[in-house]
$ cat final.txt   # compact mmCIF, C-alpha atoms
# COMPACT_ATOMS: atom_id res chain seq x y z
CA MET J 73 24.48 13.20 -29.84
CA ALA J 74 22.78 9.81 -29.37
CA ILE J 75 19.03 9.69 -29.53
CA VAL J 76 16.98 7.91 -26.86
CA LEU J 77 13.37 6.97 -27.58
CA LEU J 78 11.03 6.28 -24.67
CA PRO J 79 7.81 4.23 -24.56
CA GLY J 80 4.57 5.92 -23.52
CA LEU J 81 4.60 5.50 -19.75
CA LEU J 82 8.19 6.69 -19.46
CA ALA J 83 7.50 9.60 -21.77
CA THR J 84 4.61 10.65 -19.52
CA GLU J 85 6.94 10.53 -16.52
CA ALA J 86 9.45 12.58 -18.50
CA GLY J 87 6.94 15.39 -18.88
CA GLY J 88 5.51 14.16 -22.16
CA GLN J 89 8.81 14.04 -24.05
CA LYS J 90 9.45 10.85 -26.03
CA ARG J 91 12.74 11.71 -27.71
CA PHE J 92 15.92 12.81 -25.99
CA GLU J 93 19.25 13.77 -27.49
CA VAL J 94 22.00 12.88 -25.05
CA ASP J 95 25.71 13.46 -25.06
CA ALA J 96 26.91 9.96 -24.23
CA THR J 97 29.73 7.63 -25.15
CA THR J 98 28.20 4.50 -23.62
CA ILE J 99 24.72 3.06 -23.27
CA GLY J 100 24.96 3.54 -19.51
CA ASP J 101 25.79 7.21 -19.91
CA ALA J 102 22.78 7.69 -22.13
CA LEU J 103 20.38 5.98 -19.74
CA ARG J 104 21.74 7.70 -16.64
CA GLY J 105 21.22 11.05 -18.31
CA LEU J 106 17.49 10.57 -18.67
CA PRO J 107 15.01 12.23 -16.30
CA VAL J 108 13.48 8.76 -15.84
CA SER J 109 16.75 6.98 -15.20
CA ASP J 110 15.43 5.70 -11.85
CA LEU J 111 12.64 3.88 -13.68
CA VAL J 112 14.94 2.34 -16.29
CA LEU J 113 17.73 1.48 -13.85
CA ASP J 114 17.38 0.04 -10.36
CA GLU J 115 19.17 1.23 -7.22
CA ARG J 116 22.34 -0.62 -8.30
CA GLY J 117 22.37 1.18 -11.62
CA GLU J 118 21.43 -2.01 -13.44
CA VAL J 119 18.79 -2.16 -16.15
CA ARG J 120 15.54 -3.43 -14.64
CA SER J 121 14.89 -7.01 -15.63
CA LEU J 122 11.81 -6.27 -17.75
CA VAL J 123 13.28 -3.23 -19.49
CA HIS J 124 14.82 -4.05 -22.87
CA VAL J 125 17.31 -1.71 -24.51
CA TYR J 126 17.96 -1.74 -28.23
CA VAL J 127 20.76 0.18 -29.93
CA ASP J 128 20.34 0.66 -33.66
CA GLY J 129 17.99 -2.30 -33.73
CA GLU J 130 20.16 -4.70 -31.75
CA ARG J 131 19.33 -5.85 -28.23
CA ALA J 132 21.96 -4.41 -25.88
CA GLY J 133 23.12 -6.11 -22.70
CA ASP J 134 26.22 -4.21 -21.65
CA LEU J 135 25.82 -0.72 -20.23
CA GLY J 136 29.49 -0.10 -20.91
CA ALA J 137 29.13 -0.70 -24.64
CA ALA J 138 29.96 2.32 -26.78
CA VAL J 139 27.34 4.25 -28.68
CA GLU J 140 27.96 6.23 -31.82
CA PRO J 141 27.09 9.91 -32.05
CA LYS J 142 24.05 9.11 -34.17
CA SER J 143 22.99 5.91 -32.43
CA ARG J 144 19.30 5.42 -31.74
CA ILE J 145 18.66 3.87 -28.34
CA ARG J 146 15.17 2.49 -27.97
CA ILE J 147 13.76 1.47 -24.58
CA VAL J 148 11.10 -1.21 -24.75
CA ALA J 149 9.00 -2.67 -21.95
CA ALA J 150 8.80 -6.45 -21.89
CA ILE J 151 5.50 -7.87 -22.99
CA ALA J 152 3.72 -8.92 -19.83
CA GLY J 153 0.74 -8.25 -17.64
CA GLY J 154 -2.98 -8.33 -18.23
CA MET X 935 -18.65 17.93 5.32
CA GLY X 936 -18.21 15.77 2.28
CA VAL X 937 -15.67 13.03 1.70
CA LEU X 938 -12.91 12.49 -0.82
CA LEU X 939 -12.22 8.83 -1.48
CA LEU X 940 -8.90 7.82 -2.98
CA ILE X 941 -9.35 4.55 -4.83
CA GLY X 942 -6.17 2.73 -5.81
CA THR X 943 -6.67 0.14 -8.54
CA ARG X 944 -4.64 -2.18 -10.67
CA LYS X 945 -4.93 0.40 -13.43
CA GLY X 946 -4.61 3.85 -11.99
CA LEU X 947 -6.02 6.03 -9.24
CA PHE X 948 -9.59 7.30 -9.02
CA LEU X 949 -11.05 10.01 -6.83
CA ILE X 950 -14.65 9.95 -5.63
CA ARG X 951 -16.31 12.95 -4.05
CA GLY X 952 -19.22 12.17 -1.75
CA ASP X 953 -21.78 14.61 -0.40
CA ASP X 954 -22.56 15.35 3.25
CA GLU X 955 -25.12 12.52 3.41
CA ARG X 956 -22.89 10.00 1.60
CA ARG X 957 -25.68 9.37 -0.89
CA SER X 958 -24.35 11.11 -3.99
CA PHE X 959 -20.90 10.40 -5.39
CA GLU X 960 -18.93 11.81 -8.33
CA LEU X 961 -16.11 9.88 -9.95
CA GLU X 962 -12.95 11.47 -11.35
CA GLY X 963 -9.99 9.76 -13.02
CA PRO X 964 -8.12 7.70 -13.73
CA PHE X 965 -4.99 9.45 -12.61
CA LEU X 966 -1.56 7.87 -13.09
CA PRO X 967 -2.80 5.55 -15.86
CA GLY X 968 -0.56 2.58 -16.44
CA TRP X 969 0.43 2.36 -12.80
CA GLN X 970 -0.80 -0.11 -10.23
CA ILE X 971 -1.76 1.89 -7.15
CA ASN X 972 -1.26 -0.32 -4.12
CA HIS X 973 -2.26 2.52 -1.81
CA ALA X 974 -3.01 6.22 -1.99
CA THR X 975 -3.73 8.70 0.73
CA LEU X 976 -4.23 12.38 1.44
CA ASP X 977 -1.98 14.02 3.99
CA PRO X 978 -4.38 15.96 6.22
CA ARG X 979 -1.55 18.26 7.32
CA ASP X 980 -0.98 19.88 3.92
CA GLY X 981 -3.57 18.40 1.54
CA ALA X 982 -1.03 16.59 -0.65
CA LEU X 983 -1.95 13.32 -2.31
CA TYR X 984 0.48 10.42 -2.24
CA ALA X 985 0.29 7.25 -4.30
CA CYS X 986 2.30 4.05 -4.02
CA ALA X 987 2.46 3.63 -7.79
CA ASN X 988 3.98 0.43 -9.11
CA SER X 989 4.86 -1.00 -12.47
CA TRP X 990 5.89 -4.56 -13.20
CA VAL X 991 8.43 -3.08 -15.59
CA TYR X 992 9.60 0.13 -13.92
CA GLY X 993 9.40 -0.86 -10.26
CA GLY X 994 7.97 0.79 -7.17
CA THR X 995 7.56 4.53 -6.79
CA VAL X 996 5.93 7.19 -4.67
CA GLN X 997 4.07 9.93 -6.51
CA ARG X 998 3.00 13.22 -4.90
CA SER X 999 0.39 15.71 -6.09
CA THR X 1000 -0.27 19.09 -4.54
CA ASP X 1001 -3.15 19.95 -6.90
CA LEU X 1002 -5.53 17.05 -6.22
CA GLY X 1003 -4.19 14.85 -8.96
CA ARG X 1004 -3.71 17.22 -11.88
CA THR X 1005 0.07 16.95 -11.76
CA TRP X 1006 2.37 14.48 -10.03
CA GLU X 1007 5.97 14.43 -8.92
CA ARG X 1008 7.88 11.20 -8.40
CA SER X 1009 10.12 10.72 -5.38
CA GLU X 1010 13.70 10.07 -6.33
CA GLY X 1011 16.36 7.92 -4.78
CA LEU X 1012 13.99 5.29 -3.49
CA GLY X 1013 15.99 2.12 -3.12
CA LEU X 1014 17.84 -0.19 -0.78
CA PRO X 1015 21.53 -0.02 0.13
CA GLU X 1016 23.86 -2.35 -1.71
CA GLU X 1017 25.15 -3.96 1.48
CA SER X 1018 21.65 -5.28 2.20
CA GLY X 1019 21.78 -7.47 -0.87
CA LEU X 1020 18.16 -6.50 -1.48
CA LYS X 1021 16.39 -4.42 -4.09
CA LEU X 1022 13.14 -2.58 -3.65
CA ALA X 1023 10.44 -4.56 -5.43
CA SER X 1024 7.36 -2.44 -4.77
CA THR X 1025 5.77 0.23 -2.58
CA TRP X 1026 2.74 -0.73 -0.52
CA HIS X 1027 1.56 1.78 2.06
CA LEU X 1028 2.25 5.43 2.80
CA GLU X 1029 1.31 6.83 6.19
CA PRO X 1030 1.52 10.53 7.00
CA GLY X 1031 3.44 11.05 10.21
CA HIS X 1032 2.34 12.45 13.53
CA ALA X 1033 0.80 15.92 13.62
CA SER X 1034 3.81 17.17 15.54
CA GLU X 1035 6.10 16.16 12.63
CA PRO X 1036 4.44 17.90 9.68
CA LYS X 1037 6.89 16.80 6.98
CA THR X 1038 7.40 13.22 8.15
CA LEU X 1039 6.01 10.31 6.15
CA TRP X 1040 6.39 6.57 6.56
CA LEU X 1041 6.46 4.16 3.63
CA GLY X 1042 6.21 0.39 3.61
CA GLY X 1043 7.34 -1.82 0.77
CA GLU X 1044 8.60 -5.13 -0.47
CA PRO X 1045 10.76 -6.97 0.59
CA ALA X 1046 9.64 -6.12 4.15
CA VAL X 1047 11.16 -2.66 4.27
CA LEU X 1048 10.23 0.65 5.83
CA PHE X 1049 11.29 4.13 4.79
CA ARG X 1050 10.90 7.53 6.43
CA SER X 1051 10.89 10.89 4.76
CA ASP X 1052 11.32 14.13 6.67
CA ASP X 1053 10.84 16.39 3.66
CA SER X 1054 7.31 15.51 2.53
CA GLY X 1055 8.46 12.69 0.28
CA ALA X 1056 11.17 14.41 -1.71
CA THR X 1057 13.75 11.97 -0.32
CA TRP X 1058 13.52 8.77 1.70
CA GLN X 1059 15.75 7.01 4.19
CA VAL X 1060 15.49 3.28 4.71
CA ASN X 1061 14.82 2.19 8.28
CA ASP X 1062 17.77 0.14 9.44
CA GLY X 1063 15.92 -1.30 12.42
CA VAL X 1064 13.52 -3.14 10.12
CA LEU X 1065 16.04 -3.86 7.38
CA ASN X 1066 18.47 -5.49 9.80
CA HIS X 1067 16.02 -6.88 12.33
CA GLU X 1068 17.42 -9.79 14.31
CA THR X 1069 14.46 -11.99 13.45
CA ARG X 1070 14.45 -11.20 9.72
CA GLU X 1071 15.69 -14.64 8.69
CA LYS X 1072 12.52 -16.11 10.18
CA TRP X 1073 10.24 -13.97 8.03
CA ALA X 1074 8.52 -15.67 5.10
CA PRO X 1075 6.61 -14.11 2.23
CA GLY X 1076 2.86 -14.47 1.97
CA ALA X 1077 0.85 -14.57 -1.22
CA GLY X 1078 1.38 -10.85 -1.72
CA GLY X 1079 5.10 -11.10 -1.10
CA LEU X 1080 7.17 -10.17 1.93
CA ILE X 1081 5.54 -6.81 2.39
CA THR X 1082 5.31 -4.05 4.95
CA HIS X 1083 1.67 -3.15 4.43
CA SER X 1084 0.45 -1.66 7.70
CA ILE X 1085 1.83 1.44 9.40
CA THR X 1086 -0.26 2.85 12.22
CA LEU X 1087 0.58 5.65 14.64
CA ASP X 1088 0.05 6.09 18.34
CA PRO X 1089 -2.40 8.99 18.72
CA GLU X 1090 -0.37 10.65 21.47
CA ASP X 1091 3.25 9.62 21.18
CA ALA X 1092 5.05 10.41 17.92
CA ALA X 1093 7.85 8.02 18.86
CA ARG X 1094 5.52 5.01 19.03
CA LEU X 1095 4.11 3.24 16.00
CA TRP X 1096 3.36 -0.23 14.76
CA ILE X 1097 4.00 -1.93 11.45
CA GLY X 1098 2.52 -5.11 10.02
CA ILE X 1099 4.56 -7.36 7.76
CA SER X 1100 3.30 -10.44 5.96
CA ALA X 1101 4.39 -12.93 7.07
CA ALA X 1102 6.51 -11.66 9.92
CA GLY X 1103 3.88 -10.19 12.20
CA VAL X 1104 3.35 -6.93 14.07
CA PHE X 1105 6.31 -4.89 15.32
CA ARG X 1106 6.28 -1.89 17.66
CA THR X 1107 8.77 0.90 18.07
CA GLU X 1108 8.82 3.32 20.97
CA ASP X 1109 11.86 5.26 19.80
CA ARG X 1110 10.70 6.54 16.41
CA GLY X 1111 11.95 3.52 14.52
CA GLU X 1112 15.39 3.07 16.04
CA SER X 1113 14.40 -0.37 17.37
CA TRP X 1114 11.45 -2.67 16.80
CA GLN X 1115 9.99 -5.30 19.12
CA PRO X 1116 7.71 -8.13 17.98
CA ALA X 1117 4.12 -7.57 19.18
CA ASN X 1118 2.51 -10.90 18.40
CA ALA X 1119 1.75 -12.47 21.79
CA GLY X 1120 -1.54 -14.32 21.55
CA THR X 1121 -1.85 -14.20 17.76
CA GLU X 1122 -1.77 -17.52 16.03
CA ALA X 1123 0.29 -18.66 13.06
CA CYS X 1124 -2.16 -21.44 12.28
CA PHE X 1125 -0.21 -22.45 9.18
CA LEU X 1126 2.82 -23.47 11.27
CA PRO X 1127 2.30 -27.06 12.41
CA GLU X 1128 5.10 -27.16 14.99
CA ASP X 1129 4.73 -23.91 16.91
CA PRO X 1130 1.59 -21.92 16.11
CA TYR X 1131 2.46 -19.17 18.61
CA PRO X 1132 6.01 -18.09 17.70
CA GLU X 1133 7.58 -14.75 18.52
CA VAL X 1134 7.46 -13.76 14.83
CA GLY X 1135 6.15 -15.29 11.63
CA GLN X 1136 2.47 -14.44 12.05
CA CYS X 1137 0.61 -13.43 8.93
CA VAL X 1138 -0.96 -10.14 9.89
CA HIS X 1139 -3.21 -8.85 7.13
CA LYS X 1140 -4.02 -5.43 8.61
CA VAL X 1141 -3.33 -3.71 11.92
CA LEU X 1142 -4.82 -0.38 12.99
CA ALA X 1143 -4.39 1.64 16.16
CA HIS X 1144 -7.50 3.46 17.28
CA PRO X 1145 -6.94 7.20 16.85
CA GLY X 1146 -8.85 8.15 20.01
CA LYS X 1147 -7.98 5.48 22.54
CA PRO X 1148 -4.25 5.08 23.16
CA GLY X 1149 -3.20 1.46 23.53
CA ARG X 1150 -6.12 -0.04 21.62
CA LEU X 1151 -5.30 -1.84 18.39
CA TRP X 1152 -7.31 -4.05 16.10
CA GLN X 1153 -5.90 -6.70 13.83
CA GLN X 1154 -7.26 -8.78 10.96
CA ASN X 1155 -4.91 -11.71 10.66
CA HIS X 1156 -4.63 -14.74 8.39
CA CYS X 1157 -5.67 -16.68 11.50
CA GLY X 1158 -8.28 -14.58 13.25
CA VAL X 1159 -9.53 -11.16 14.30
CA TYR X 1160 -7.84 -9.68 17.37
CA ARG X 1161 -7.93 -6.68 19.71
CA SER X 1162 -5.21 -5.37 21.99
CA ASP X 1163 -5.68 -2.96 24.87
CA ASP X 1164 -2.04 -2.77 25.92
CA HIS X 1165 -0.26 -1.29 22.91
CA GLY X 1166 0.09 -4.69 21.27
CA ALA X 1167 1.78 -6.44 24.20
CA SER X 1168 -1.00 -9.04 24.11
CA TRP X 1169 -3.93 -9.82 21.82
CA GLU X 1170 -7.40 -11.26 22.41
CA ARG X 1171 -9.03 -13.35 19.70
CA LEU X 1172 -12.55 -12.21 18.85
CA GLU X 1173 -14.21 -15.04 16.94
CA GLY X 1174 -16.81 -17.64 17.75
CA ASN X 1175 -19.33 -14.93 18.45
CA GLY X 1176 -20.91 -14.09 15.14
CA LEU X 1177 -18.11 -14.05 12.60
CA PRO X 1178 -18.45 -16.79 9.97
CA SER X 1179 -14.67 -16.96 9.53
CA GLY X 1180 -11.52 -15.57 11.06
CA PHE X 1181 -9.91 -15.15 7.67
CA GLY X 1182 -10.09 -11.80 5.93
CA PHE X 1183 -8.11 -8.77 4.92
CA GLY X 1184 -10.00 -5.51 5.28
CA LEU X 1185 -10.41 -3.71 8.61
CA ALA X 1186 -12.02 -0.39 9.48
CA LEU X 1187 -12.55 1.41 12.77
CA ASP X 1188 -14.91 4.12 13.96
CA PRO X 1189 -12.82 7.19 14.84
CA SER X 1190 -15.36 8.30 17.44
CA ASP X 1191 -16.04 4.89 19.02
CA PRO X 1192 -13.08 2.69 19.96
CA ASP X 1193 -15.39 -0.29 20.62
CA ARG X 1194 -16.67 -0.41 17.04
CA ALA X 1195 -14.86 -2.14 14.18
CA PHE X 1196 -15.69 -3.55 10.77
CA VAL X 1197 -14.32 -6.63 8.99
CA ILE X 1198 -15.19 -8.62 5.88
CA PRO X 1199 -14.62 -12.33 6.51
CA GLU X 1200 -13.68 -14.63 3.66
CA GLU X 1201 -14.19 -18.37 3.37
CA GLY X 1202 -10.54 -19.11 4.09
CA ALA X 1203 -6.99 -19.10 2.79
CA GLU X 1204 -7.80 -21.72 0.16
CA ASN X 1205 -10.96 -19.98 -1.09
CA ARG X 1206 -10.54 -16.24 -0.81
CA VAL X 1207 -14.07 -15.01 -1.45
CA THR X 1208 -16.58 -13.46 0.88
CA CYS X 1209 -18.56 -15.92 3.00
CA ASP X 1210 -21.95 -17.38 2.20
CA GLY X 1211 -22.22 -15.98 -1.32
CA ARG X 1212 -22.59 -12.38 -0.27
CA LEU X 1213 -20.49 -9.33 0.50
CA GLY X 1214 -21.02 -9.17 4.23
CA ILE X 1215 -19.64 -6.39 6.38
CA TYR X 1216 -19.51 -7.53 9.99
CA THR X 1217 -19.50 -4.90 12.68
CA THR X 1218 -19.05 -5.00 16.42
CA ALA X 1219 -20.16 -2.29 18.83
CA ASP X 1220 -18.87 -4.03 21.96
CA ALA X 1221 -15.14 -4.34 21.28
CA GLY X 1222 -15.53 -7.67 19.51
CA ALA X 1223 -17.76 -9.51 22.02
CA SER X 1224 -20.40 -9.88 19.31
CA TRP X 1225 -20.70 -9.16 15.60
CA GLU X 1226 -23.61 -8.10 13.41
CA LEU X 1227 -23.95 -8.75 9.67
CA ILE X 1228 -24.68 -5.97 7.19
CA VAL X 1229 -25.17 -7.23 3.64
CA ALA X 1230 -23.61 -4.92 1.08
CA ALA X 1231 -24.29 -7.09 -1.97
CA GLU X 1232 -25.95 -10.44 -2.58
CA PRO X 1233 -25.32 -12.71 -4.34
CA ALA X 1234 -21.63 -11.91 -4.40
CA TRP X 1235 -18.38 -13.83 -4.38
CA VAL X 1236 -15.84 -11.04 -4.22
CA ALA X 1237 -12.77 -10.16 -2.25
CA VAL X 1238 -11.74 -7.04 -0.40
CA LEU X 1239 -8.01 -6.63 -0.05
CA ARG X 1240 -6.04 -5.44 2.97
CA GLU X 1241 -6.18 -1.76 1.98
CA GLY X 1242 -9.72 -2.02 0.68
CA MET X 1243 -11.55 -0.45 3.66
CA SER X 1244 -11.49 3.00 5.14
CA GLN X 1245 -13.64 5.20 7.32
CA ASP X 1246 -14.39 8.70 8.48
CA ASP X 1247 -16.74 10.08 11.11
CA GLU X 1248 -19.76 9.45 8.89
CA ALA X 1249 -19.30 6.15 7.09
CA VAL X 1250 -17.23 3.11 6.24
CA TYR X 1251 -16.05 2.67 2.65
CA VAL X 1252 -15.31 -0.63 0.95
CA GLY X 1253 -13.63 -1.21 -2.40
CA ALA X 1254 -13.86 -4.70 -3.86
CA GLN X 1255 -11.87 -6.51 -6.47
CA SER X 1256 -15.06 -6.47 -8.52
CA GLY X 1257 -14.43 -2.74 -9.03
CA HIS X 1258 -17.35 -1.64 -6.88
CA VAL X 1259 -17.13 0.92 -4.08
CA TYR X 1260 -19.67 0.81 -1.25
CA ALA X 1261 -20.43 3.36 1.45
CA LEU X 1262 -21.98 2.12 4.70
CA ARG X 1263 -23.69 4.77 6.83
CA HIS X 1264 -26.17 4.19 9.63
CA GLY X 1265 -26.62 0.56 8.54
CA GLU X 1266 -27.46 1.49 4.96
CA VAL X 1267 -25.21 0.64 2.00
CA VAL X 1268 -24.93 2.88 -1.07
CA VAL X 1269 -22.95 2.00 -4.21
CA ALA X 1270 -20.51 4.87 -4.68
CA ALA X 1271 -18.91 3.58 -7.90
CA GLU X 1272 -18.96 0.47 -10.01
CA ASN X 1273 -17.00 -1.24 -12.77
CA LEU X 1274 -13.66 0.27 -11.83
CA PRO X 1275 -10.54 -1.85 -12.32
CA PRO X 1276 -9.89 -4.29 -9.46
CA ILE X 1277 -9.60 -2.16 -6.33
CA LEU X 1278 -6.48 -2.40 -4.21
CA SER X 1279 -6.98 0.43 -1.74
CA VAL X 1280 -9.49 2.88 -0.32
CA GLU X 1281 -8.73 5.92 1.79
CA ALA X 1282 -11.25 8.48 3.00
CA ALA X 1283 -10.29 12.12 3.53
CA ALA X 1284 -12.24 15.19 4.50
CA LEU X 1285 -13.38 17.13 1.44
CA GLN X 1286 -12.36 20.73 1.91

$ encode --input "final.txt" --output "structure tokens"
Amino acid sequence: MAIVLLPGLLATEAGGQKRFEVDATTIGDALRGLPVSDLVLDERGEVRSLVHVYVDGERAGDLGAAVEPKSRIRIVAAIAGG
Amino acid sequence: MGVLLLIGTRKGLFLIRGDDERRSFELEGPFLPGWQINHATLDPRDGALYACANSWVYGGTVQRSTDLGRTWERSEGLGLPEESGLKLASTWHLEPGHASEPKTLWLGGEPAVLFRSDDSGATWQVNDGVLNHETREKWAPGAGGLITHSITLDPEDAARLWIGISAAGVFRTEDRGESWQPANAGTEACFLPEDPYPEVGQCVHKVLAHPGKPGRLWQQNHCGVYRSDDHGASWERLEGNGLPSGFGFGLALDPSDPDRAFVIPEEGAENRVTCDGRLGIYTTADAGASWELIVAAEPAWVAVLREGMSQDDEAVYVGAQSGHVYALRHGEVVVAAENLPPILSVEAAALQ
């Protein structure tokens, strides 16, 4: 099971849960399985432009890339705003 | 009866409860922290709260609460079809539907899109008539983007409503959104040097239909204040008779008096602050033939955005980008809240 870690605002939208264990073979599978998938992905199923996804510490760009059973997928909001 | 004010801000939603006299106000919130609330409203048909909650990271959403803000549920499946080539950028205005359609809601967003829900916001369907409008290629974004920000209903006919899009103008449907006709005759696009009176392209800032007089609409435009008495088929400009400027955003009506309206003029498009160093609310009691100034704050150089005014039978409410909320009743102004985040929207609802 891969582990997905959410930032605060997404965790609030997910009912207060920050850590999810998901049965996924790709990054896309893992993100689509989240209860906040519509906030991470847009209506085309693409990662929103200011959402950054890291897998085991490396910035990920391909939703089709494989994840290992113990991978840690971290979702990070871009630094912006005021 | 008291009032419940829903105050949308750049940093969450606030609720303000006002007493019968509109002299005492209690603040609650913020709700939905971390979200920019472009607009929030209470559906008088079932008491649910709706918020157009937006994030620069996570996009545009609609949130619904059936317990006055304690818990919220996010609409799912809000997006645009792939064949449109567009993606939903943000949500801007939610309007509860006609009383005869108790579960219908209308939602405006960017880029110039309209949605309808027939299940109290659980799911949404994009309006094809707006999405594929024959004049769409002539629409141009204003400073706030290409946004559907005004949705106003005919008080009698559920099939007739108007939308305002910046900068495309006002559009009317008489078949519940199947088709939309431009309703801009007589309104100026003063920023277009070649043809200032086109069919579409006007920069409407707010349009409201009077809830008690069918056919009467008011409009605050980039280029003037207007009134229509023929369902938007034609518009009469109402300046030169007491208003210091035709430029402004906020607009409020008196539900019990169709001849009374309220606007807050600003210096102009290049200097978007209230005129003459004060927050002046200008009101007409004669359908726009003359205007009277009511000073809400002075000195003041503030701005009130397009959703920043609302009204009920007792008072008019104004939320400024300074974070202050004012209540105007019988010519007297009371500060209802201060030092909130910059205010984007105000809606008044009856406090049960």

$ closest_atom_pairs --input "final.txt" --of "chain X" --to "chain J" --cutoff "8 Å" --atoms "all atoms listed in the file" --output "Markdown table"
| residue | atom | partner | partner_atom | distance |
| --- | --- | --- | --- | --- |
| X:Gly968 | CA | J:Leu81 | CA | 6.8 |
| X:Trp990 | CA | J:Leu122 | CA | 7.7 |
| X:Val991 | CA | J:Leu122 | CA | 5.1 |
| X:Tyr992 | CA | J:Leu111 | CA | 4.8 |
| X:Gly993 | CA | J:Leu111 | CA | 6.7 |
| X:Glu1010 | CA | J:Asp110 | CA | 7.2 |
| X:Gly1011 | CA | J:Asp110 | CA | 7.5 |
| X:Leu1012 | CA | J:Glu115 | CA | 7.6 |
| X:Gly1013 | CA | J:Glu115 | CA | 5.3 |
| X:Leu1014 | CA | J:Glu115 | CA | 6.7 |
| X:Pro1015 | CA | J:Glu115 | CA | 7.8 |
| X:Glu1016 | CA | J:Arg116 | CA | 7.0 |
| X:Lys1021 | CA | J:Glu115 | CA | 7.0 |
| X:Leu1022 | CA | J:Glu115 | CA | 8.0 |

$ atom_distance --input "final.txt" --atom1 "atom CA of X:Gly952" --atom2 "atom CA of X:Val937"
5.0 Å

$ residues_around --input "final.txt" --residues "X:Ile1081" --least-positions-apart "3" --cutoff "7 Å" --atoms "only C-alpha atoms" --output "list in words"
Gly1043, Glu1044, Pro1045, Ala1046, Ile1099 and Ser1100 of chain X

$ residues_near_point --input "final.txt" --point "(29.8, 1.3, -24.3)" --cutoff "12 Å" --atoms "only C-alpha atoms" --output "ChimeraX atom specification"
/J:96-103,127,132-141,143

$ residues_around --input "final.txt" --residues "X:Asn1118" --least-positions-apart "4" --cutoff "7 Å" --atoms "all atoms listed in the file" --output "list of chain:residue names"
X:Gly1103, X:Val1104, X:Glu1133, X:Val1134, X:Ser1168
